[in-house]
Each structure stands twice: as C-alpha cells, then as structure tokens.
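K.L.:
Please find one structure pasted underneath; my questions will follow.
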Amino acid sequence: MATNKCIICIITTIFLLPCAKSIHLDFPAVFNFGDSNSDTGTLVTAGFESLYPPNGHTYFHLPSGRYSDGRLIIDFLMDALDLPFLNAYLDSLGLPNFRKGCNFAAAGSTILPATASSICPFSFGIQVSQFLKFKARALELLSGKGRKFDKYVPSEDIFEKGLYMFDIGQNDLAGAFYSKTLDQVLASIPTILLEFESGIKRLYDEGARYFWIHNTGPLGCLAQNVAKFGTDPSKLDELGCVSGHNQAVKTFNLQLHALCSKLQGQYPDSNVTYVDIFTIKSNLIANYSRYGFEQPIMACCGYGGPPLNYDSRVTCGNTKTFNGTTITAKGCNDSSEYINWDGIHYTETANQYVASQILTGKYSDPPFSDRMPFLLKLKF
C-alpha cells in the first residue's frame with residue numbers, strides 16, 4: 001500500500017491512510033453518476049419529466065431539476081469541498097460551466113441497461129458513455145488555437161485528479177419488486193453489480209483513479225414502498241418499513257462492499273471509498289425526534305394525509321382529476337420537520353443531516369474520523 005495514492009473521502013483528501021505521496025486538500029473537479037438522489041437537472045432538462053412548485057422552494061425558490069424541496073446530499077458535499085454545484089451534463093442553458101466537474105446522474109436511472117419500459121433511458125452504462133464523450137470533446141476543444149475554452153471545461157490533468165462519485169442502484173432493486181419475488185430480487189444482485197463493475201473499469205481505463213461509492217439507503221422506509229408493499233402489517237418491521245425491501249438492500253450493500261474491496265485490490269494505483277448511506281439514513285429514521293424531525297416516513301409533499309400522505313397517482317406539485325374528482329399533491333407547512341419530501345426522496349434538511357454524517361468520516365471504508373480536520377463546516 002505504500003506506493004498507492006491515498007483514497008480520498010470527498011472533503012478530506014489528506015486525512016486518510018498513510019501513503020507515499022502527500023495529497024492536497026483540493027479536488028479540482030467532481031464527476032458524478034447516479035439516479036434522482038443526485039440528479040441536478042438531467043431528466044428534466046432531457047424533457048422526460050417536469051417538476052412544479054413547491055419542489056425547490058426551500059433553497060432555490062423554484063424547481064431546480066432536483067427531486068427535493070431544496071439541496072441534495074451532493075450539493076452539501078460540493079459546498080464542503082468548496083466547489084460549485086454541479087451542472088447536469090445535458091444542461092445547455094444558464095451558461096453552464098463544467099470546469100469543476102459535471103453531473104451525469106439522472107432520475108429513474110438504473111445500473112442495468114434501460115429497457116423500453118424504463119422511466120429513464122440514461123442507465124449507468126449510458127452515463128459512462130456520456131462521460132467519455134464529454135471528456136473527448138473537452139480535450140478536443142482545449143487542443144484548438146487560443147485558450148478561450150480553458151475556463152469552461154476540464155483539462156486532462158483535472159480529469160486525472162478529479163473525484164468520481166457514484167450513488168446508483170436504488171431503482172434496480174425498487175423496480176424489481178413490482179415483478180419479482182424477494183428471492184428473485186436477491187438472485188439478480190450479482191448481475192447488477194457485474195454491470196457496475198464494468199462501468200468502473202471503463203472509467204479506470206480512461207484515467208479515473210479516485211472513486212467514491214455510496215451504498216443504497218433503506219428502500220423499505222420510503223412512503224412509496226410502504227404504500228404499495230406494506231398494506232399487510234406482517235410485512236413491516238418495528239419502524240414501519242417494508243422488511244423485504246430492506247433485506248434486499250442489505251444484501252446488495254454487502255456485495256457492493258465486497259466489490260469495492262475487490263476493485264481496490266485489482267487497481268492498486270486507485271482509491272476506492274465505500275460510504276454506508278444505509279446506516280446513516282436508518283439511524284435518522286429510527287431516531288428522528290432526536291434530530292428535530294416530526295415525521296420519519298410520511299411525505300411532506302403529497303396527497304392523502306396521514307399516515308403516509310402518498311398517492312401514486314399524483315406527484316408533488318401536480319393536480320390530477322379522477323372520476324370527476326380533482327386532487328392536488330401539496331407541500332406541508334414546514335418541510336424541515338419531515339425526513340421524506342415526496343414519498344421517494346428526502347427533504348433538504350434530511351439531506352443536510354446525511355451529508356453532515358458522511359463528513360464525520362465514521363461511515364466510510366476506510367474510515368477517516370480520526371483524521372478529521374477542524375475546519376470542516378458541519379452545518380447540521
């Protein structure tokens with residue numbers, strides 16, 4: 001390990017394992033791959049979906065392409081890194097600047113290739129292909145005469161030193177439960193992770209060396225899944241979450257963790273960090289009142305009222321008419337009291353809490369809590 005570069009844990013570049021080369025605190029850029037947990041505008045920009053108020057009202061004061069009332073986990077992490085929020089790869093309006101990175105994450109995306117019935121066509125393999133095209137085009141622009149593109153796109157050096165972040169897999173598992181048994185979902189996990197490993201290899205072959213990989217959160221605790229699969233109380237755990245979904249997630253995360261260890265051994269000149277989002281979110285839900293929340297599972301923006309305030313027929317901010325009756329999914333009075341925003345995604349306040357826990361370093365493998373710098377802005 002002495003010849004390896006240190007594995008980087010988002011904000012902490014110099015505070016991890018001992019290594020031969022000292023590493024500076026700064027990451028020049030972040031390249032993100034994922035689903036709606038980190039999508040900053042891809043699916044909306046592509047025209048596949050629209051978001052309406054009150055989405056985005058807490059921080060951006062209007063819908064920003066994010067599936068939340070405000071900022072996402074990745075926004076708080078970028079802020080901690082002293083980097084600007086990431087522009088979506090497909091975002092061509094508002095003078096996007098990709099010098100500090102690019103976001104390829106798309107809501108509804110899966111690790112496995114998209115099918116004709118998929119919500120989103122931008123599966124993980126497509127996102128990696130988009131990155132490769134993005135990199136090739138950036139270097140092509142920089143190779144031209146003059147330096148007019150230098151401040152807009154990353155240089156080859158930035159691509160090599162950048163942090164590659166991943167938060168994907170949730171939709172592979174959640175979607176599978178609509179047509180498969182728990183045993184079938186569990187049996188599909190190795191295939192899902194083979195596809196993920198293939199994408200990581202493609203990025204490594206293109207020079208990526210710093211990998212930051214989130215595991216999947218407790219799907220069984222999302223109001224959407226409780227409403228669909230939790231009508232039988234025997235299917236719920238002590239927190240009111242769907243047991244089968246969380247069992248699948250734990251199995252997925254266990255195998256993902258093993259894959260991260262394999263990748264670190266396979267690519268000794270790289271750095272692979274595994275981040276335990278499941279434990280952070282599960283702890284938040286189990287101890288919600290301790291952290292100032294009033295509702296652990298019920299959606300803030302939805303329709304139907306307690307206990308879930310979720311109706312799959314109408315999404316946050318939308319109005320629909322069924323059998324002559326008009327229903328609207330409205331926001332709650334104070335989203336900071338809720339963990340869940342719309343039945344699927346988290347509120348800004350919950351995202352801020354999750355980011356603050358990530359930055360303690362206790363939930364990463366390798367951990368870095370013992371080397372935490374005093375200057376971190378743990379804002380929660």
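Numbering starts fresh at 1 for the residues of each chain in the structure tokens, the chains themselves are lettered A, B, ... in the order given, and ligands are numbered from 1 as they appear.
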Contacts of Cys316 of chain A at 8 Å or less, counting only C-alpha atoms, minus same-chain residues fewer than 4 places along, as a PyMOL selection string?
P.N.:
chain A and resi 52-55+301-302+329-331+342
K.L.:
At a cut-off of 7 Å, using only C-alpha atoms, what residues contact segment 245-255 of chain A? Leave out same-chain residues fewer than 5 positions from it and give the result as a PyMOL selection string.
P.N.:
chain A and resi 186+189+215-216+218-220
K.L.:
I want to know what sits within 9 Å of Thr349 of chain A, based on only C-alpha atoms, with residues of the same chain fewer than 6 positions away left out; could you give that as a PDB file with N, CA and C atoms, in the first residue's frame?
P.N.:
```
ATOM      1  N   GLY A  70     -35.232  21.353  -1.788  1.00  0.00           N
ATOM      2  CA  GLY A  70     -34.037  22.198  -1.849  1.00  0.00           C
ATOM      3  C   GLY A  70     -32.828  21.434  -2.315  1.00  0.00           C
ATOM      4  N   ARG A  71     -31.763  21.518  -1.539  1.00  0.00           N
ATOM      5  CA  ARG A  71     -30.491  20.918  -1.942  1.00  0.00           C
ATOM      6  C   ARG A  71     -30.443  19.418  -1.646  1.00  0.00           C
ATOM      7  N   SER A 335     -41.257  21.853   5.803  1.00  0.00           N
ATOM      8  CA  SER A 335     -40.567  20.653   5.309  1.00  0.00           C
ATOM      9  C   SER A 335     -39.415  20.225   6.214  1.00  0.00           C
ATOM     10  N   SER A 336     -38.910  21.139   7.049  1.00  0.00           N
ATOM     11  CA  SER A 336     -37.795  20.790   7.934  1.00  0.00           C
ATOM     12  C   SER A 336     -38.216  19.814   9.025  1.00  0.00           C
ATOM     13  N   GLU A 337     -39.518  19.610   9.192  1.00  0.00           N
ATOM     14  CA  GLU A 337     -40.000  18.657  10.174  1.00  0.00           C
ATOM     15  C   GLU A 337     -40.117  17.244   9.610  1.00  0.00           C
ATOM     16  N   TYR A 338     -39.885  17.116   8.310  1.00  0.00           N
ATOM     17  CA  TYR A 338     -40.058  15.844   7.619  1.00  0.00           C
ATOM     18  C   TYR A 338     -38.731  15.328   7.089  1.00  0.00           C
ATOM     19  N   ILE A 339     -38.560  14.015   7.159  1.00  0.00           N
ATOM     20  CA  ILE A 339     -37.408  13.380   6.510  1.00  0.00           C
ATOM     21  C   ILE A 339     -37.704  13.190   5.031  1.00  0.00           C
ATOM     22  N   PHE A 380     -25.068  20.946  10.282  1.00  0.00           N
ATOM     23  CA  PHE A 380     -26.328  20.468  10.821  1.00  0.00           C
ATOM     24  C   PHE A 380     -26.314  20.526  12.339  1.00  0.00           C
TER      25      PHE A 380
END
```
K.L.:
So how far away is atom CA of Ile74 of chain A from atom CA of Ala174 of chain A, in Å?
P.N.:
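Atom CA of Ala174 of chain A sits 21.5 Å away from atom CA of Ile74 of chain A.
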K.L.:
Determine which residues of segment 98-294 of chain A receive a DSSP assignment of alpha helix (DSSP H), computed from the backbone, and state them as JSON, numbers by chain.
P.N.:
{"A": [124, 125, 126, 127, 128, 129, 130, 131, 132, 133, 134, 135, 136, 137, 138, 139, 140, 141, 142, 156, 157, 158, 159, 160, 161, 170, 171, 172, 173, 174, 175, 176, 182, 183, 184, 185, 186, 187, 188, 189, 190, 191, 192, 193, 194, 195, 196, 197, 198, 199, 200, 201, 202, 203, 204, 205, 223, 224, 225, 226, 227, 228, 229, 243, 244, 245, 246, 247, 248, 249, 250, 251, 252, 253, 254, 255, 256, 257, 258, 259, 260, 261, 262, 263, 264, 265, 266, 277, 278, 279, 280, 281, 282, 283, 284, 285, 286]}
K.L.:
What lies within 12 Å of Ser188 of chain A using only C-alpha atoms, ignoring chain neighbours under 3 positions off, as a count of residues only?
P.N.:
22
K.L.:
May I ask which of the residues A:Ile285, A:Ala46, A:Ala355, A:Val275 is the closest one to Phe211 of chain A, counting only C-alpha atoms?
P.N.:
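Using only C-alpha atoms, Phe211 of chain A sits closest to A:Val275.
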K.L.:
Taking only segment 103-215 of chain A into account, list the residues labelled strand (DSSP E) by DSSP (computed from the backbone), as a PyMOL selection string.
P.N.:
chain A and resi 103+163-167+210-214
K.L.:
Selected residues, N, CA, C and O atoms, written as a PDB file, in the first residue's frame, please.
P.N.:
```pdb
ATOM      1  N   ASN A 103     -22.281  16.560 -13.887  1.00  0.00           N
ATOM      2  CA  ASN A 103     -23.181  15.597 -13.275  1.00  0.00           C
ATOM      3  C   ASN A 103     -23.922  14.809 -14.349  1.00  0.00           C
ATOM      4  O   ASN A 103     -24.681  15.377 -15.137  1.00  0.00           O
ATOM      5  N   LEU A 163     -12.527  13.672  -8.598  1.00  0.00           N
ATOM      6  CA  LEU A 163     -13.208  12.666  -7.791  1.00  0.00           C
ATOM      7  C   LEU A 163     -14.408  12.133  -8.573  1.00  0.00           C
ATOM      8  O   LEU A 163     -15.223  12.908  -9.080  1.00  0.00           O
ATOM      9  N   TYR A 164     -14.527  10.820  -8.652  1.00  0.00           N
ATOM     10  CA  TYR A 164     -15.618  10.172  -9.375  1.00  0.00           C
ATOM     11  C   TYR A 164     -16.588   9.594  -8.346  1.00  0.00           C
ATOM     12  O   TYR A 164     -16.236   8.678  -7.598  1.00  0.00           O
ATOM     13  N   MET A 165     -17.795  10.151  -8.313  1.00  0.00           N
ATOM     14  CA  MET A 165     -18.778   9.801  -7.292  1.00  0.00           C
ATOM     15  C   MET A 165     -19.910   8.978  -7.894  1.00  0.00           C
ATOM     16  O   MET A 165     -20.315   9.197  -9.042  1.00  0.00           O
ATOM     17  N   PHE A 166     -20.448   8.054  -7.066  1.00  0.00           N
ATOM     18  CA  PHE A 166     -21.496   7.145  -7.539  1.00  0.00           C
ATOM     19  C   PHE A 166     -22.563   6.970  -6.462  1.00  0.00           C
ATOM     20  O   PHE A 166     -22.245   6.700  -5.303  1.00  0.00           O
ATOM     21  N   ASP A 167     -23.819   7.117  -6.874  1.00  0.00           N
ATOM     22  CA  ASP A 167     -24.951   6.849  -5.991  1.00  0.00           C
ATOM     23  C   ASP A 167     -26.064   6.283  -6.873  1.00  0.00           C
ATOM     24  O   ASP A 167     -26.920   7.014  -7.375  1.00  0.00           O
ATOM     25  N   TYR A 210      -9.849   8.119  -8.464  1.00  0.00           N
ATOM     26  CA  TYR A 210     -10.444   8.359  -7.154  1.00  0.00           C
ATOM     27  C   TYR A 210     -11.949   8.070  -7.220  1.00  0.00           C
ATOM     28  O   TYR A 210     -12.712   8.815  -7.837  1.00  0.00           O
ATOM     29  N   PHE A 211     -12.361   6.990  -6.593  1.00  0.00           N
ATOM     30  CA  PHE A 211     -13.743   6.528  -6.673  1.00  0.00           C
ATOM     31  C   PHE A 211     -14.418   6.639  -5.303  1.00  0.00           C
ATOM     32  O   PHE A 211     -13.880   6.140  -4.309  1.00  0.00           O
ATOM     33  N   TRP A 212     -15.584   7.239  -5.271  1.00  0.00           N
ATOM     34  CA  TRP A 212     -16.344   7.461  -4.041  1.00  0.00           C
ATOM     35  C   TRP A 212     -17.725   6.867  -4.250  1.00  0.00           C
ATOM     36  O   TRP A 212     -18.517   7.368  -5.040  1.00  0.00           O
ATOM     37  N   ILE A 213     -18.036   5.763  -3.573  1.00  0.00           N
ATOM     38  CA  ILE A 213     -19.211   4.956  -3.890  1.00  0.00           C
ATOM     39  C   ILE A 213     -20.177   4.887  -2.705  1.00  0.00           C
ATOM     40  O   ILE A 213     -19.835   4.335  -1.656  1.00  0.00           O
ATOM     41  N   HIS A 214     -21.383   5.411  -2.891  1.00  0.00           N
ATOM     42  CA  HIS A 214     -22.430   5.324  -1.883  1.00  0.00           C
ATOM     43  C   HIS A 214     -23.159   3.993  -2.005  1.00  0.00           C
ATOM     44  O   HIS A 214     -23.459   3.549  -3.116  1.00  0.00           O
TER      45      HIS A 214
END
```
K.L.:
So that I can check the surroundings of segment 198-203 of chain A, please list as a PyMOL selection string every protein, DNA and RNA residue that reaches within 10 Å of it, counting only C-alpha atoms and ignoring chain neighbours fewer than 5 positions away.
P.N.:
chain A and resi 111+124-129+131-132+164+166+193+208-209+211+263+267
K.L.:
Work out how far atom CA of Leu359 of chain A is from atom CA of Asp276 of chain A, in Å to one decimal.
P.N.:
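A separation of 11.7 Å between them.
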K.L.:
I'd like to know which of A:Asp35, A:Glu238, A:Glu294, A:Asp311 is closest to Asn225 of chain A, using only C-alpha atoms.
P.N.:
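Selected residue with least distance to Asn225 of chain A: A:Asp311.
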K.L.:
Which residue is closest to Asn171 of chain A? Choose from A:Val354, A:Gly324, A:Cys120, A:Cys332 and count only C-alpha atoms.
P.N.:
A:Cys120
K.L.:
Could you check the closest approach to Ala350 of chain A for each of A:Ser270, A:Ser282, A:Ser179, A:Ser64 and tell me which residue wins, using only C-alpha atoms?
P.N.:
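For Ala350 of chain A, the nearest of the given residues is A:Ser282.
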K.L.:
Residues near Ala105 of chain A, anyone? I mean within 9 Å using only C-alpha atoms, not counting same-chain ones fewer than 2 positions away, as a ChimeraX atom specification.
P.N.:
/A:32-43,88-89,103,107,109,122-124,127,166-168
K.L.:
Restricting the output to N, CA and C atoms, write the selected residues as an mmCIF file, in the first residue's frame.
P.N.:
```cif
data_model
loop_
_atom_site.group_PDB
_atom_site.id
_atom_site.type_symbol
_atom_site.label_atom_id
_atom_site.label_comp_id
_atom_site.auth_asym_id
_atom_site.auth_seq_id
_atom_site.Cartn_x
_atom_site.Cartn_y
_atom_site.Cartn_z
ATOM 1 N N ASN A 32 -20.014 13.061 -11.332
ATOM 2 C CA ASN A 32 -20.999 12.282 -10.573
ATOM 3 C C ASN A 32 -21.888 11.439 -11.476
ATOM 4 N N PHE A 33 -22.175 10.209 -10.999
ATOM 5 C CA PHE A 33 -23.023 9.265 -11.715
ATOM 6 C C PHE A 33 -24.074 8.747 -10.745
ATOM 7 N N GLY A 34 -25.334 8.699 -11.166
ATOM 8 C CA GLY A 34 -26.337 8.244 -10.218
ATOM 9 C C GLY A 34 -27.758 8.369 -10.706
ATOM 10 N N ASP A 35 -28.679 8.408 -9.737
ATOM 11 C CA ASP A 35 -30.109 8.500 -10.015
ATOM 12 C C ASP A 35 -30.655 9.783 -9.394
ATOM 13 N N SER A 36 -31.938 9.778 -9.008
ATOM 14 C CA SER A 36 -32.550 11.012 -8.517
ATOM 15 C C SER A 36 -31.977 11.479 -7.189
ATOM 16 N N ASN A 37 -31.276 10.621 -6.477
ATOM 17 C CA ASN A 37 -30.643 11.057 -5.235
ATOM 18 C C ASN A 37 -29.593 12.129 -5.477
ATOM 19 N N SER A 38 -29.065 12.186 -6.710
ATOM 20 C CA SER A 38 -28.038 13.190 -7.005
ATOM 21 C C SER A 38 -28.243 13.885 -8.353
ATOM 22 N N ASP A 39 -29.399 13.695 -8.981
ATOM 23 C CA ASP A 39 -29.701 14.355 -10.250
ATOM 24 C C ASP A 39 -29.933 15.843 -10.001
ATOM 25 N N THR A 40 -29.156 16.694 -10.658
ATOM 26 C CA THR A 40 -29.313 18.140 -10.506
ATOM 27 C C THR A 40 -29.956 18.778 -11.745
ATOM 28 N N GLY A 41 -30.639 17.947 -12.543
ATOM 29 C CA GLY A 41 -31.382 18.522 -13.667
ATOM 30 C C GLY A 41 -31.428 17.707 -14.942
ATOM 31 N N THR A 42 -30.810 16.534 -14.965
ATOM 32 C CA THR A 42 -30.698 15.777 -16.214
ATOM 33 C C THR A 42 -32.054 15.365 -16.779
ATOM 34 N N LEU A 43 -32.865 14.676 -15.984
ATOM 35 C CA LEU A 43 -34.117 14.131 -16.530
ATOM 36 C C LEU A 43 -35.073 15.243 -16.941
ATOM 37 N N ALA A 88 -25.862 19.720 -14.742
ATOM 38 C CA ALA A 88 -26.195 18.478 -15.419
ATOM 39 C C ALA A 88 -25.537 18.445 -16.798
ATOM 40 N N TYR A 89 -25.123 17.275 -17.207
ATOM 41 C CA TYR A 89 -24.454 17.099 -18.497
ATOM 42 C C TYR A 89 -25.284 17.649 -19.648
ATOM 43 N N ASN A 103 -22.281 16.560 -13.887
ATOM 44 C CA ASN A 103 -23.181 15.597 -13.275
ATOM 45 C C ASN A 103 -23.922 14.809 -14.349
ATOM 46 N N ALA A 107 -32.543 11.038 -12.801
ATOM 47 C CA ALA A 107 -33.622 10.439 -12.009
ATOM 48 C C ALA A 107 -34.204 9.230 -12.733
ATOM 49 N N SER A 109 -32.803 6.393 -13.173
ATOM 50 C CA SER A 109 -31.811 5.543 -13.843
ATOM 51 C C SER A 109 -31.492 4.297 -13.020
ATOM 52 N N PHE A 122 -31.244 6.816 -19.341
ATOM 53 C CA PHE A 122 -29.836 7.087 -19.024
ATOM 54 C C PHE A 122 -29.328 6.156 -17.927
ATOM 55 N N SER A 123 -29.240 4.875 -18.237
ATOM 56 C CA SER A 123 -28.713 3.899 -17.285
ATOM 57 C C SER A 123 -27.221 4.138 -17.070
ATOM 58 N N PHE A 124 -26.646 3.394 -16.134
ATOM 59 C CA PHE A 124 -25.253 3.641 -15.749
ATOM 60 C C PHE A 124 -24.298 3.556 -16.930
ATOM 61 N N GLN A 127 -24.527 6.667 -18.914
ATOM 62 C CA GLN A 127 -23.880 7.781 -18.217
ATOM 63 C C GLN A 127 -22.363 7.729 -18.392
ATOM 64 N N PHE A 166 -20.448 8.054 -7.066
ATOM 65 C CA PHE A 166 -21.496 7.145 -7.539
ATOM 66 C C PHE A 166 -22.563 6.970 -6.462
ATOM 67 N N ASP A 167 -23.819 7.117 -6.874
ATOM 68 C CA ASP A 167 -24.951 6.849 -5.991
ATOM 69 C C ASP A 167 -26.064 6.283 -6.873
ATOM 70 N N ILE A 168 -26.050 4.981 -7.079
ATOM 71 C CA ILE A 168 -26.967 4.353 -8.026
ATOM 72 C C ILE A 168 -27.196 2.901 -7.614
#
```
